[in-house]
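Trainee: One structure is given below, represented as structure tokens, and several questions about it will come after.
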Amino acid sequence: MPKASLNKKERLKSRKEIDFLFKEGKSFPLTPFRVYYRIKPSAESSTAISLQAGVGVSSRNFKKAVDRNRIKRLSREAYRIQKQPLLDSLVTVNKEMRLFVIYTGRELPQFELVKEKFTIILKRLQTLVHENNTPAS
RNA sequence: ACUACAAACCGGGUUAUCGCUCUUCUUUUAAAGGAAGGGAGGAAAGUCUGGACAGCACAGAGCAUUGCACCGGUGAAUAGCCGGGUCUUGUGAAAGCAAGAACAGAUAGUGCCACAGAAAAUAACUGCCUGUUCUUUCUUCGGAAAGGGCAGGUGAGGAUGAAAACGUGAGGUAAGAGCUCACGAUUAUUACUGGUAACAGUAAUAGUGGGUAAACCUUGCAUGCUGAAACGCCACGUAUACCAUCGCUUAAGGGUGACUCGCCCGAUGAUGGAGGGUAGGCGGAUUGAUUCUGAUAUGCAAAUAUCAGAACAGAUAAAUGAUAGCCACCUGGGAAACCGGGGACAGAAUCCGGCUUAUAGGUUUGUAGUAUUU
RNA sequence: GGCCCGUUCGUCUAAGGGCUAGGACACCACCCUUUCACGGUGGUGAUACGGGUUCGAAUCCCGUACGGGCUA
């Protein structure tokens with residue numbers, strides 16, 4: 001049964017992983033956001049967690065902690081609701097993905113906007129997964 | 001009733017769906033699932049302060065550094081709070097009222113005080129007066145006047161300035177001066193009275209040497225340093241490795257994190273260089289000088305004591321959320337039904353006390369003003 | 001989380017508490033040139049903000065805002 005959850009296991013938490021993602025991973029911009037991602041074949045030992053994600057906001061653009069928290073919460077919410085198709089396709093091609101989304105805009109967004117943008121982001125990631133899959137197989 | 005100011009308090013509620021975190025219970029080999037309950041502020045902020053707590057191989061002393069600076073109380077402690085004193089400012093005829101104070105010392109010393117002004121500080125210059133002498137002029141031949149020099153007296157006058165060696169008036173004098181007197185201002189000491197004290201009042205005596213210590217400084221008091229990324233434990237990994245220097249026995253050097261003495265450490269060594277590894281978990285860590293409410297007692301108050309009751313988050317790339325509706329509040333349109341809009345400042349990060357700053361709107365109390373009614 | 005430093009014309013900077021806050025580049029006007037550039041003359045333009053100390057603050061002190069650095 002698919003669940004729209006986002007608990008500790010599905011979040012990207014390790015500092016080491018995140019540093020590696022910024023250093024080695026690929027990225028693309030999408031107007032208020034910038035997306036860092038890395039796709040690799042899933043190892044046999046690692047269990048079930050095929051998609052980990054995190055969000056971030058620069059304190060340079062938003063000085064108040066209230067605004068940063070708000071954006072991160074909205075982003076997480078939008079991701080949580082819409083992530084299921086991406087997860088399904090990752091499972092089918094037997095790969096895992098690390099994902100980090102940074103908000104680069106300068107104004108506080110509405111939830112509608114964030115939701116729309118995440119729809120586009122996740123669709124693009126889904127196509128990327130399939131592109132990578134075709135030459136591999 | 002309205003307006004303004006000050007202080008204190010509050011800082012929306014609820015339902016549904018989806019979701020996060022912690023605790024307890026439970027199903028289960030485990031992973032995972034289920035149930036119940038808890039889950040952001042008055043400032044969580046600024047990091048301005050005081051502690052708790054922890055570590056530093058901390059005997060101790062000196063001297064720095066830094067901070068504080070009227071008195072009493074309070075408290076774990078403070079630059080906080082409460083009460084009082086003094087000064088300044090505003091208002092007022094005054095009494096008073098309100099606000100503010102970094103309110104020790106300028107007679108320990110050093111420095112500075114632009115421009116202006118004679119002079120910005122042991123008083124010089126100019127001026128005034130007395131004596132003496134020189135020159136010139138006048139002369140009734142005794143002297144007189146003017147100018148200059150020397151000696152002495154004096155600190156009144158000298159356009160300024162933020163500030164000029166107590167102020168005003170009178171006497172006094174060759175000229176003058178607190179030199180004397182009256183009134184007033186102010187400082188110190190002593191005595192008495194009141195007060196725990198700061199201090200106030202009265203009297204006497206001696207004075208009147210500018211300002212600046214948020215200039216250096218002096219005095220008194222306090223102060224070791226570093227801060228939870230502290231620190232302890234477990235796991236992983238590694239190296240009694242390489243290079244250079246010193247040294248192999250009373251010694252290089254290191255520690256005591258400002259310094260000096262002193263003390264301590266010091267040979268499978270020490271320091272430096274270059275390089276490598278790890279950066280996961282648990283504790284610290286969430287209930288403590290705790291907060292709130294009520295009662296009693298002490299106190300002007302801050303606050304304290306006793307009793308009773310209630311409350312108290314714990315994340316770690318970092319939870320406390322999203323969407324929709326209803327109610328309450330404010331507001332625009334409308335006679336009404338109703339339709340539309342709005343909700344501040346702001347997000348825990350070891351924990352407490354205080355200060356400072358931000359804050360839509362609401363409630364209460366006090367003060368002042370205006371209007372109306374009785 | 002903790003510690004520390006800074007803020008002067010549009011930009012880079014100077015100024016022992018004291019004269020109208022100085023200079024360079026830039027900008028504007030005029031002169032020079034057939035014109036542009038160069039050059040010359042003149043001008044506009046600032047002490048982050050709010051208080052305090054002082055006769056007098058860019059400077060000294062306090063608070064606020066903003067910016068920057070260090071920190072296993």
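Ligands are numbered from 1 in the order shown, chains are lettered A, B, ... in the order of the structure tokens, and residues start at 1 in each chain.
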For Lys72 of chain A, please output as an NGL selection string all residues within 9 Å (counting only C-alpha atoms (C1' of nucleotides); exclusion window: fewer than 6 positions along the same chain).
Mentor: :A and (55-57 or 103)
Trainee: Based on the backbone DSSP call, show me all residues of chain A assigned helix (DSSP H, G or I), as a VMD selection string.
Mentor: chain A and resid 8 to 10 15 to 24 65 to 82 84 to 93 111 to 136
Trainee: Got time to write the residues from that selection, C-alpha atoms, as a PDB file, in the first residue's frame?
Mentor:
ATOM      1  CA  LYS A   8      13.654   9.707   9.354  1.00  0.00           C
ATOM      2  CA  LYS A   9      14.603   6.830   7.094  1.00  0.00           C
ATOM      3  CA  GLU A  10      13.520   8.604   3.957  1.00  0.00           C
ATOM      4  CA  ARG A  15      26.699  14.963   6.512  1.00  0.00           C
ATOM      5  CA  LYS A  16      29.106  12.820   4.527  1.00  0.00           C
ATOM      6  CA  GLU A  17      26.475  11.882   1.959  1.00  0.00           C
ATOM      7  CA  ILE A  18      25.419  15.479   1.522  1.00  0.00           C
ATOM      8  CA  ASP A  19      28.967  16.747   1.043  1.00  0.00           C
ATOM      9  CA  PHE A  20      29.543  14.036  -1.531  1.00  0.00           C
ATOM     10  CA  LEU A  21      26.310  14.932  -3.290  1.00  0.00           C
ATOM     11  CA  PHE A  22      27.279  18.585  -3.675  1.00  0.00           C
ATOM     12  CA  LYS A  23      30.756  17.666  -4.808  1.00  0.00           C
ATOM     13  CA  GLU A  24      30.088  14.782  -7.231  1.00  0.00           C
ATOM     14  CA  ALA A  65      14.603  31.494  10.943  1.00  0.00           C
ATOM     15  CA  VAL A  66      10.810  31.598  10.730  1.00  0.00           C
ATOM     16  CA  ASP A  67      10.915  32.102   6.954  1.00  0.00           C
ATOM     17  CA  ARG A  68      13.491  29.371   6.435  1.00  0.00           C
ATOM     18  CA  ASN A  69      11.451  26.913   8.441  1.00  0.00           C
ATOM     19  CA  ARG A  70       8.336  27.848   6.473  1.00  0.00           C
ATOM     20  CA  ILE A  71       9.977  27.182   3.097  1.00  0.00           C
ATOM     21  CA  LYS A  72      11.459  23.897   4.234  1.00  0.00           C
ATOM     22  CA  ARG A  73       8.110  22.748   5.567  1.00  0.00           C
ATOM     23  CA  LEU A  74       6.302  23.674   2.384  1.00  0.00           C
ATOM     24  CA  SER A  75       8.934  21.927   0.280  1.00  0.00           C
ATOM     25  CA  ARG A  76       8.812  18.784   2.344  1.00  0.00           C
ATOM     26  CA  GLU A  77       5.038  18.754   2.138  1.00  0.00           C
ATOM     27  CA  ALA A  78       5.033  19.122  -1.645  1.00  0.00           C
ATOM     28  CA  TYR A  79       7.641  16.386  -2.006  1.00  0.00           C
ATOM     29  CA  ARG A  80       5.846  14.058   0.383  1.00  0.00           C
ATOM     30  CA  ILE A  81       2.557  14.210  -1.492  1.00  0.00           C
ATOM     31  CA  GLN A  82       3.990  13.637  -4.953  1.00  0.00           C
ATOM     32  CA  GLN A  84       5.298   8.037  -5.080  1.00  0.00           C
ATOM     33  CA  PRO A  85       5.626   7.747  -8.918  1.00  0.00           C
ATOM     34  CA  LEU A  86       9.350   8.447  -8.754  1.00  0.00           C
ATOM     35  CA  LEU A  87       9.817   5.853  -6.059  1.00  0.00           C
ATOM     36  CA  ASP A  88       7.899   3.259  -8.085  1.00  0.00           C
ATOM     37  CA  SER A  89      10.005   3.766 -11.181  1.00  0.00           C
ATOM     38  CA  LEU A  90      13.211   3.567  -9.146  1.00  0.00           C
ATOM     39  CA  VAL A  91      12.103   0.253  -7.715  1.00  0.00           C
ATOM     40  CA  THR A  92      11.268  -1.133 -11.150  1.00  0.00           C
ATOM     41  CA  VAL A  93      14.733  -0.313 -12.575  1.00  0.00           C
ATOM     42  CA  PHE A 111       2.148  26.523  -1.283  1.00  0.00           C
ATOM     43  CA  GLU A 112       0.448  26.323  -4.740  1.00  0.00           C
ATOM     44  CA  LEU A 113       3.645  27.469  -6.473  1.00  0.00           C
ATOM     45  CA  VAL A 114       5.871  25.082  -4.546  1.00  0.00           C
ATOM     46  CA  LYS A 115       3.527  22.199  -5.366  1.00  0.00           C
ATOM     47  CA  GLU A 116       3.533  22.981  -9.106  1.00  0.00           C
ATOM     48  CA  LYS A 117       7.289  23.259  -9.229  1.00  0.00           C
ATOM     49  CA  PHE A 118       7.780  19.976  -7.428  1.00  0.00           C
ATOM     50  CA  THR A 119       5.481  18.281  -9.929  1.00  0.00           C
ATOM     51  CA  ILE A 120       7.834  19.391 -12.700  1.00  0.00           C
ATOM     52  CA  ILE A 121      10.976  18.452 -10.751  1.00  0.00           C
ATOM     53  CA  LEU A 122       9.781  14.951  -9.961  1.00  0.00           C
ATOM     54  CA  LYS A 123       8.650  14.330 -13.548  1.00  0.00           C
ATOM     55  CA  ARG A 124      12.008  15.372 -14.873  1.00  0.00           C
ATOM     56  CA  LEU A 125      13.804  13.140 -12.394  1.00  0.00           C
ATOM     57  CA  GLN A 126      11.598  10.277 -13.456  1.00  0.00           C
ATOM     58  CA  THR A 127      12.605  10.719 -17.095  1.00  0.00           C
ATOM     59  CA  LEU A 128      16.251  10.940 -16.027  1.00  0.00           C
ATOM     60  CA  VAL A 129      15.957   7.622 -14.251  1.00  0.00           C
ATOM     61  CA  HIS A 130      14.624   5.984 -17.382  1.00  0.00           C
ATOM     62  CA  GLU A 131      17.265   7.613 -19.623  1.00  0.00           C
ATOM     63  CA  ASN A 132      20.024   6.282 -17.427  1.00  0.00           C
ATOM     64  CA  ASN A 133      18.390   2.917 -17.441  1.00  0.00           C
ATOM     65  CA  THR A 134      18.223   2.400 -21.220  1.00  0.00           C
ATOM     66  CA  PRO A 135      21.972   2.434 -21.966  1.00  0.00           C
ATOM     67  CA  ALA A 136      22.715   0.407 -18.874  1.00  0.00           C
TER      68      ALA A 136
END
Trainee: Report as a VMD selection string all protein, DNA and RNA residues lying within 9 Å of C351 of chain B, evaluated on only C-alpha atoms (C1' of nucleotides), omitting residues in the same chain fewer than 5 positions from it.
Mentor: chain B and resid 52 to 53 286 288
Trainee: Extract, using only C-alpha atoms (C1' of nucleotides), all DNA, RNA and protein residues at most 12 Å from A251 of chain B, discarding same-chain residues fewer than 4 positions from it, and format them as a ChimeraX atom specification.
Mentor: /B:246-247,266-267,270
Trainee: Restricting the calculation to only C-alpha atoms (C1' of nucleotides), which member of B:A101, B:A182, B:C307, B:A197 is positioned closest to U53 of chain C?
Mentor: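 Result for the nearest residue to U53 of chain C: B:A101.
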Trainee: Can you list, as a list in words, every protein, DNA or RNA residue that comes within 12 Å of G69 of chain C when you count only C-alpha atoms (C1' of nucleotides), leaving out same-chain residues fewer than 5 positions away?
Mentor: C3, C4, C5 and G6 of chain C
Trainee: For those residues, write all heavy atoms to a file as a compact mmCIF listing (two decimals), in the first residue's frame.
Mentor:
# COMPACT_ATOMS: atom_id res chain seq x y z
P C C 3 29.94 34.45 23.60
OP1 C C 3 30.10 34.96 24.98
OP2 C C 3 28.85 34.95 22.76
O5' C C 3 31.32 34.69 22.83
C5' C C 3 32.55 34.38 23.45
C4' C C 3 33.71 34.55 22.49
O4' C C 3 33.50 33.74 21.31
C3' C C 3 33.90 35.96 21.93
O3' C C 3 34.54 36.82 22.84
C2' C C 3 34.72 35.69 20.68
O2' C C 3 36.07 35.44 21.00
C1' C C 3 34.08 34.38 20.18
N1 C C 3 33.04 34.61 19.16
C2 C C 3 33.44 34.89 17.85
O2 C C 3 34.64 34.94 17.57
N3 C C 3 32.50 35.09 16.90
C4 C C 3 31.21 35.02 17.23
N4 C C 3 30.30 35.23 16.27
C5 C C 3 30.77 34.75 18.55
C6 C C 3 31.72 34.55 19.47
P C C 4 34.24 38.40 22.76
OP1 C C 4 35.04 39.05 23.81
OP2 C C 4 32.79 38.60 22.72
O5' C C 4 34.84 38.85 21.35
C5' C C 4 36.24 39.01 21.19
C4' C C 4 36.61 39.19 19.73
O4' C C 4 35.90 38.24 18.90
C3' C C 4 36.26 40.53 19.09
O3' C C 4 37.14 41.57 19.48
C2' C C 4 36.37 40.18 17.61
O2' C C 4 37.71 40.13 17.19
C1' C C 4 35.79 38.77 17.59
N1 C C 4 34.37 38.74 17.16
C2 C C 4 34.09 38.92 15.80
O2 C C 4 35.01 39.11 15.00
N3 C C 4 32.81 38.90 15.38
C4 C C 4 31.83 38.69 16.26
N4 C C 4 30.57 38.67 15.81
C5 C C 4 32.08 38.52 17.65
C6 C C 4 33.36 38.54 18.05
P C C 5 36.65 43.11 19.37
OP1 C C 5 37.68 43.94 20.00
OP2 C C 5 35.26 43.19 19.84
O5' C C 5 36.66 43.41 17.80
C5' C C 5 37.89 43.53 17.11
C4' C C 5 37.68 43.61 15.61
O4' C C 5 36.83 42.53 15.17
C3' C C 5 36.95 44.85 15.11
O3' C C 5 37.80 45.99 15.05
C2' C C 5 36.46 44.39 13.74
O2' C C 5 37.50 44.41 12.79
C1' C C 5 36.08 42.94 14.03
N1 C C 5 34.64 42.76 14.30
C2 C C 5 33.73 42.82 13.23
O2 C C 5 34.13 43.02 12.10
N3 C C 5 32.41 42.65 13.48
C4 C C 5 31.99 42.44 14.74
N4 C C 5 30.68 42.26 14.95
C5 C C 5 32.89 42.38 15.84
C6 C C 5 34.19 42.55 15.58
P G C 6 37.16 47.46 15.21
OP1 G C 6 38.28 48.42 15.23
OP2 G C 6 36.19 47.42 16.33
O5' G C 6 36.36 47.67 13.86
C5' G C 6 37.03 47.97 12.65
C4' G C 6 36.14 47.74 11.46
O4' G C 6 35.32 46.58 11.70
C3' G C 6 35.14 48.84 11.14
O3' G C 6 35.74 49.88 10.38
C2' G C 6 34.06 48.10 10.36
O2' G C 6 34.41 47.95 9.01
C1' G C 6 34.08 46.72 11.02
N9 G C 6 32.98 46.46 11.97
C8 G C 6 33.09 46.22 13.32
N7 G C 6 31.95 45.98 13.89
C5 G C 6 31.03 46.08 12.86
C6 G C 6 29.61 45.92 12.87
O6 G C 6 28.88 45.66 13.82
N1 G C 6 29.06 46.11 11.62
C2 G C 6 29.78 46.40 10.48
N2 G C 6 29.07 46.54 9.37
N3 G C 6 31.10 46.54 10.45
C4 G C 6 31.65 46.37 11.67
Trainee: Of the candidates C:U47, C:U7, C:U13, C:U41, which one gets nearest to C66 of chain C if we count only C-alpha atoms (C1' of nucleotides)?
Mentor: C:U7
Trainee: When you draw a straight line from atom CA of Lys95 of chain A to atom CA of Leu51 of chain A, how long is it in Å?
Mentor: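 So the answer is 8.9 Å.
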Trainee: Check the smallest atom-to-atom distance from each of A:Arg106, A:Val101, A:Pro41, A:Arg60 to chain C using only C-alpha atoms (C1' of nucleotides), then report the winner.
Mentor: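 Among the listed residues, the smallest separation from chain C belongs to A:Arg60.
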Trainee: So that each row is one residue of chain B with an atom at most 9 Å from chain A, can you give its shortest atom pair and the distance in Å to one decimal, using only C-alpha atoms (C1' of nucleotides), rows by chain and rising number, as a tab-separated table?
Mentor:
residue	atom	partner	partner_atom	distance
B:C18	C1'	A:Ala4	CA	7.9
B:G19	C1'	A:Ser5	CA	6.4
B:C20	C1'	A:Asn7	CA	6.9
B:A279	C1'	A:Lys16	CA	8.9
B:A317	C1'	A:Lys13	CA	5.8
B:G321	C1'	A:Arg73	CA	6.5
B:A322	C1'	A:Glu77	CA	6.5
B:A346	C1'	A:Val66	CA	7.1
B:G347	C1'	A:Val66	CA	5.4
Trainee: Could you tell me how far atom C1' of C345 of chain B sits from atom C1' of A40 of chain B, in Å to one decimal place?
Mentor: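 For atom C1' of A40 of chain B relative to atom C1' of C345 of chain B, the distance reads 15.0 Å.
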